[in-house]
Amino acid sequence: NAGVTQTPKFQVLKTGQSMTLQCAQDMNHEYMSWYRQDPGMGLRLIHYSVGAGITDQGEVPNGYNVSRSTTEDFPLRLLSAAPSQTSVYFCASSYSNDGTWATYEQYFGPGTRLTVT
Amino acid sequence: SQQGEEDPQALSIQEGENATMNCSYKTSINNLQWYRQNSGRGLVHLILIRSNEREKHSGRLRVTLDTSKKSSSLLITASRAADTASYFCATDPGSGYSTLTFGKGTMLLVSP
């Protein structure tokens with residue numbers, strides 16, 4: 001299994017440009033999430049999905065859109081890039097093996113380092 | 001908002017020594033997890049401890065949880081240079097998926 005894959009690894013955007021960060025997993029996990037990591041801030045949740053067709057906002061959703069048309073893919077769209085969105089973005093997937101909504105171990109992708117100038 | 005807070009922010013030790021990192025959190029939890037992040041890489045899950053557990057072991061890792069003090073500790077025994085990484089605690093308040101929140105991490109440096 002490839003696990004969680006993310007593309008691109010690096011990206012430079014100009015302010016106002018839009019782009020899509022790709023995320024895919026081959027573990028048949030229902031749950032997928034997007035985080036951003038800024039120096040000294042840990043990880044903050046942007047958006048998440050509990051299954052195909054279902055998405056919801058996390059802690060810092062402004063300026064980002066997501067959709068989940070398949071179990072495997074969970075792209076993150078930046079609508080109009082701003083310098084404040086310069087960060088490292090991580091996609092993660094997870095499962096629940098007891099039918100509850102508990103959040104179990106997350107499998108992370110390698111990250112996308114985004115710079116907005 | 002950050003739920004977990006790791007302490008210390010940075011830790012430097014010699015190979016063979018033990019490393020202890022602490023995590024404090026504010027609200028009740030369903031479980032607490034520890035992750036490792038090597039420089040420039042994604043996070044890797046190390047261990048999960050549920051709220052009704054007090055201690056858990058995995059190889060050279062030992063995690064304790066004190067829900068009365070809202071704190072956890074991660075002990076790495078007989079550290080190796082390869083243990084050099086940032087370590088994060090993450091808490092699940094149990095109020096729905098993806099309320100998992102991460103602390104800011106402890107940077108561990110293990111010198112040969």
# chains A, B, ... in the order shown; residues from 1 in each chain; ligands from 1

$ residues_around --residues "Arg68 in chain A" --least-positions-apart "6" --cutoff "8 Å" --atoms "only C-alpha atoms" --output "PDB file with all heavy atoms, in the first residue's frame"
ATOM      1  N   SER A  49     -13.526  15.080   6.640  1.00  0.00           N
ATOM      2  CA  SER A  49     -14.617  14.354   5.999  1.00  0.00           C
ATOM      3  C   SER A  49     -14.778  13.000   6.681  1.00  0.00           C
ATOM      4  O   SER A  49     -13.788  12.324   6.947  1.00  0.00           O
ATOM      5  CB  SER A  49     -14.316  14.145   4.516  1.00  0.00           C
ATOM      6  OG  SER A  49     -15.213  13.236   3.942  1.00  0.00           O
ATOM      7  N   GLY A  51     -16.733  10.659   5.304  1.00  0.00           N
ATOM      8  CA  GLY A  51     -17.105   9.717   4.263  1.00  0.00           C
ATOM      9  C   GLY A  51     -17.393  10.467   2.980  1.00  0.00           C
ATOM     10  O   GLY A  51     -17.509  11.703   2.963  1.00  0.00           O
ATOM     11  N   ALA A  52     -17.489   9.723   1.887  1.00  0.00           N
ATOM     12  CA  ALA A  52     -17.764  10.343   0.587  1.00  0.00           C
ATOM     13  C   ALA A  52     -19.038  11.174   0.661  1.00  0.00           C
ATOM     14  O   ALA A  52     -20.060  10.714   1.169  1.00  0.00           O
ATOM     15  CB  ALA A  52     -17.876   9.267  -0.489  1.00  0.00           C
ATOM     16  N   GLY A  53     -18.947  12.403   0.178  1.00  0.00           N
ATOM     17  CA  GLY A  53     -20.088  13.309   0.155  1.00  0.00           C
ATOM     18  C   GLY A  53     -20.328  14.091   1.424  1.00  0.00           C
ATOM     19  O   GLY A  53     -21.235  14.928   1.496  1.00  0.00           O
ATOM     20  N   ILE A  54     -19.490  13.864   2.455  1.00  0.00           N
ATOM     21  CA  ILE A  54     -19.684  14.516   3.754  1.00  0.00           C
ATOM     22  C   ILE A  54     -18.405  15.239   4.151  1.00  0.00           C
ATOM     23  O   ILE A  54     -17.346  14.608   4.294  1.00  0.00           O
ATOM     24  CB  ILE A  54     -20.041  13.496   4.849  1.00  0.00           C
ATOM     25  CG1 ILE A  54     -21.231  12.637   4.432  1.00  0.00           C
ATOM     26  CG2 ILE A  54     -20.342  14.229   6.160  1.00  0.00           C
ATOM     27  CD1 ILE A  54     -21.484  11.465   5.346  1.00  0.00           C
ATOM     28  N   THR A  55     -18.493  16.559   4.310  1.00  0.00           N
ATOM     29  CA  THR A  55     -17.340  17.328   4.764  1.00  0.00           C
ATOM     30  C   THR A  55     -17.787  18.311   5.851  1.00  0.00           C
ATOM     31  O   THR A  55     -18.973  18.638   5.952  1.00  0.00           O
ATOM     32  CB  THR A  55     -16.682  18.120   3.624  1.00  0.00           C
ATOM     33  OG1 THR A  55     -17.616  19.083   3.120  1.00  0.00           O
ATOM     34  CG2 THR A  55     -16.235  17.207   2.504  1.00  0.00           C
ATOM     35  N   PHE A  74      -9.330  13.380  -1.416  1.00  0.00           N
ATOM     36  CA  PHE A  74      -9.828  14.487  -0.601  1.00  0.00           C
ATOM     37  C   PHE A  74      -9.008  15.742  -0.935  1.00  0.00           C
ATOM     38  O   PHE A  74      -8.082  16.108  -0.220  1.00  0.00           O
ATOM     39  CB  PHE A  74      -9.709  14.134   0.880  1.00  0.00           C
ATOM     40  CG  PHE A  74     -10.419  15.086   1.804  1.00  0.00           C
ATOM     41  CD1 PHE A  74     -11.685  15.574   1.518  1.00  0.00           C
ATOM     42  CD2 PHE A  74      -9.825  15.469   3.002  1.00  0.00           C
ATOM     43  CE1 PHE A  74     -12.343  16.436   2.381  1.00  0.00           C
ATOM     44  CE2 PHE A  74     -10.476  16.326   3.888  1.00  0.00           C
ATOM     45  CZ  PHE A  74     -11.735  16.810   3.574  1.00  0.00           C
ATOM     46  N   PRO A  75      -9.317  16.405  -2.041  1.00  0.00           N
ATOM     47  CA  PRO A  75      -8.539  17.579  -2.444  1.00  0.00           C
ATOM     48  C   PRO A  75      -8.877  18.818  -1.615  1.00  0.00           C
ATOM     49  O   PRO A  75     -10.018  19.003  -1.176  1.00  0.00           O
ATOM     50  CB  PRO A  75      -8.938  17.772  -3.912  1.00  0.00           C
ATOM     51  CG  PRO A  75     -10.311  17.168  -4.008  1.00  0.00           C
ATOM     52  CD  PRO A  75     -10.341  16.027  -3.029  1.00  0.00           C
TER      53      PRO A  75
END

$ closest_atom_pairs --of "chain A" --to "chain B" --cutoff "12 Å" --atoms "only C-alpha atoms" --output "Markdown table"
| residue | atom | partner | partner_atom | distance |
| --- | --- | --- | --- | --- |
| A:Gly3 | CA | B:Gly42 | CA | 11.9 |
| A:Val4 | CA | B:Gly42 | CA | 10.0 |
| A:Thr5 | CA | B:Gly42 | CA | 10.6 |
| A:Gln6 | CA | B:Gly42 | CA | 10.6 |
| A:Lys9 | CA | B:Gly40 | CA | 10.7 |
| A:Phe10 | CA | B:Gly40 | CA | 11.6 |
| A:Glu30 | CA | B:Tyr97 | CA | 10.8 |
| A:Tyr31 | CA | B:Tyr97 | CA | 8.2 |
| A:Met32 | CA | B:Ser98 | CA | 8.7 |
| A:Ser33 | CA | B:Ser98 | CA | 7.5 |
| A:Trp34 | CA | B:Ser98 | CA | 10.0 |
| A:Tyr35 | CA | B:Phe102 | CA | 10.2 |
| A:Arg36 | CA | B:Phe102 | CA | 11.2 |
| A:Gln37 | CA | B:Lys104 | CA | 9.6 |
| A:Asp38 | CA | B:Lys104 | CA | 9.6 |
| A:Pro39 | CA | B:Lys104 | CA | 8.8 |
| A:Gly40 | CA | B:Lys104 | CA | 6.0 |
| A:Met41 | CA | B:Lys104 | CA | 5.3 |
| A:Gly42 | CA | B:Lys104 | CA | 3.9 |
| A:Leu43 | CA | B:Phe102 | CA | 5.7 |
| A:Arg44 | CA | B:Thr101 | CA | 7.2 |
| A:Leu45 | CA | B:Thr101 | CA | 7.6 |
| A:Ile46 | CA | B:Ser98 | CA | 10.1 |
| A:His47 | CA | B:Ser98 | CA | 8.9 |
| A:Tyr48 | CA | B:Ser98 | CA | 6.8 |
| A:Ser49 | CA | B:Ser98 | CA | 8.5 |
| A:Val50 | CA | B:Tyr97 | CA | 7.4 |
| A:Gly51 | CA | B:Tyr97 | CA | 11.2 |
| A:Thr55 | CA | B:Ser98 | CA | 11.0 |
| A:Asp56 | CA | B:Ser98 | CA | 9.5 |
| A:Gln57 | CA | B:Ser98 | CA | 9.7 |
| A:Gly58 | CA | B:Ser98 | CA | 7.8 |
| A:Glu59 | CA | B:Ser1 | CA | 7.3 |
| A:Val60 | CA | B:Ser1 | CA | 9.6 |
| A:Val88 | CA | B:Gly40 | CA | 9.4 |
| A:Tyr89 | CA | B:Gly42 | CA | 9.5 |
| A:Phe90 | CA | B:Gly42 | CA | 7.1 |
| A:Cys91 | CA | B:Gly42 | CA | 9.0 |
| A:Ala92 | CA | B:Leu43 | CA | 9.2 |
| A:Ser93 | CA | B:Ser98 | CA | 10.2 |
| A:Ser94 | CA | B:Ser98 | CA | 9.4 |
| A:Tyr95 | CA | B:Tyr97 | CA | 9.8 |
| A:Ser96 | CA | B:Tyr97 | CA | 9.1 |
| A:Gly99 | CA | B:Tyr97 | CA | 11.4 |
| A:Thr100 | CA | B:Gly96 | CA | 8.6 |
| A:Trp101 | CA | B:Gly96 | CA | 5.1 |
| A:Ala102 | CA | B:Gly94 | CA | 5.5 |
| A:Thr103 | CA | B:Tyr97 | CA | 5.4 |
| A:Tyr104 | CA | B:Leu48 | CA | 7.8 |
| A:Glu105 | CA | B:His45 | CA | 6.2 |
| A:Gln106 | CA | B:His45 | CA | 6.7 |
| A:Tyr107 | CA | B:Val44 | CA | 6.9 |
| A:Phe108 | CA | B:Gly42 | CA | 5.6 |
| A:Gly109 | CA | B:Gly42 | CA | 5.7 |
| A:Pro110 | CA | B:Gly42 | CA | 4.5 |
| A:Gly111 | CA | B:Gly42 | CA | 6.1 |
| A:Thr112 | CA | B:Gly42 | CA | 9.7 |
| A:Arg113 | CA | B:Gly40 | CA | 9.3 |

$ write_last_selection --atoms "C-alpha atoms" --output "compact mmCIF listing (two decimals), in the first residue's frame"
# COMPACT_ATOMS: atom_id res chain seq x y z
CA GLY A 3 -0.69 4.86 2.30
CA VAL A 4 -1.48 8.58 2.08
CA THR A 5 -0.01 10.44 -0.87
CA GLN A 6 0.07 14.18 -1.45
CA LYS A 9 5.53 18.39 -2.56
CA PHE A 10 6.36 22.07 -3.05
CA GLU A 30 -13.62 6.59 5.87
CA TYR A 31 -12.15 9.56 7.64
CA MET A 32 -9.84 12.13 6.06
CA SER A 33 -8.55 15.48 7.27
CA TRP A 34 -6.46 18.44 6.22
CA TYR A 35 -4.12 20.19 8.66
CA ARG A 36 -1.75 23.08 8.36
CA GLN A 37 1.46 23.32 10.35
CA ASP A 38 3.06 26.64 11.09
CA PRO A 39 6.30 27.16 13.07
CA GLY A 40 5.66 26.89 16.80
CA MET A 41 1.94 26.28 16.27
CA GLY A 42 1.59 22.53 16.06
CA LEU A 43 -1.09 21.27 13.65
CA ARG A 44 -4.43 22.97 13.14
CA LEU A 45 -7.39 21.30 11.49
CA ILE A 46 -8.72 22.95 8.33
CA HIS A 47 -11.46 20.62 7.04
CA TYR A 48 -12.38 17.02 7.49
CA SER A 49 -14.62 14.35 6.00
CA VAL A 50 -16.26 11.32 7.58
CA GLY A 51 -17.10 9.72 4.26
CA THR A 55 -17.34 17.33 4.76
CA ASP A 56 -17.14 19.75 7.66
CA GLN A 57 -15.05 22.65 8.89
CA GLY A 58 -12.24 22.45 11.37
CA GLU A 59 -10.52 25.14 13.38
CA VAL A 60 -9.17 27.27 10.50
CA VAL A 88 3.03 23.12 5.35
CA TYR A 89 -0.16 21.21 4.62
CA PHE A 90 -0.75 17.65 5.75
CA CYS A 91 -3.49 15.29 4.75
CA ALA A 92 -4.38 12.44 7.09
CA SER A 93 -6.74 9.49 7.05
CA SER A 94 -8.18 7.46 9.86
CA TYR A 95 -10.72 4.81 10.74
CA SER A 96 -13.08 3.94 13.51
CA GLY A 99 -18.58 2.14 15.44
CA THR A 100 -18.09 5.22 17.59
CA TRP A 101 -17.02 8.65 16.57
CA ALA A 102 -13.78 8.36 18.50
CA THR A 103 -10.77 9.57 16.60
CA TYR A 104 -8.16 6.87 16.33
CA GLU A 105 -4.67 6.90 14.94
CA GLN A 106 -4.20 9.11 11.96
CA TYR A 107 -2.04 8.21 8.98
CA PHE A 108 -0.31 11.26 7.57
CA GLY A 109 0.92 12.08 4.10
CA PRO A 110 4.39 13.58 3.53
CA GLY A 111 3.07 17.14 3.29
CA THR A 112 2.97 19.98 0.77
CA ARG A 113 5.12 23.02 1.47

$ residues_around --residues "Lys69 in chain B" --least-positions-apart "6" --cutoff "10 Å" --atoms "only C-alpha atoms" --output "ChimeraX atom specification"
/B:24-26

$ closest_residue --among "B:His57, B:Glu6, B:Gln37, B:Pro112" --to "Thr20 in chain B" --atoms "only C-alpha atoms"
B:Glu6

$ atom_distance --atom1 "CA of Thr15 in chain A" --atom2 "CA of Ser39 in chain B"
27.6 Å

$ atom_distance --atom1 "CA of Gln11 in chain A" --atom2 "CA of Leu114 in chain A"
4.9 Å

$ atom_distance --atom1 "CA of Asn1 in chain A" --atom2 "CA of Arg62 in chain B"
28.9 Å

$ closest_residue --among "A:His29, A:Thr117, A:Gln22, A:Ala2" --to "Val66 in chain A" --atoms "only C-alpha atoms"
A:Gln22
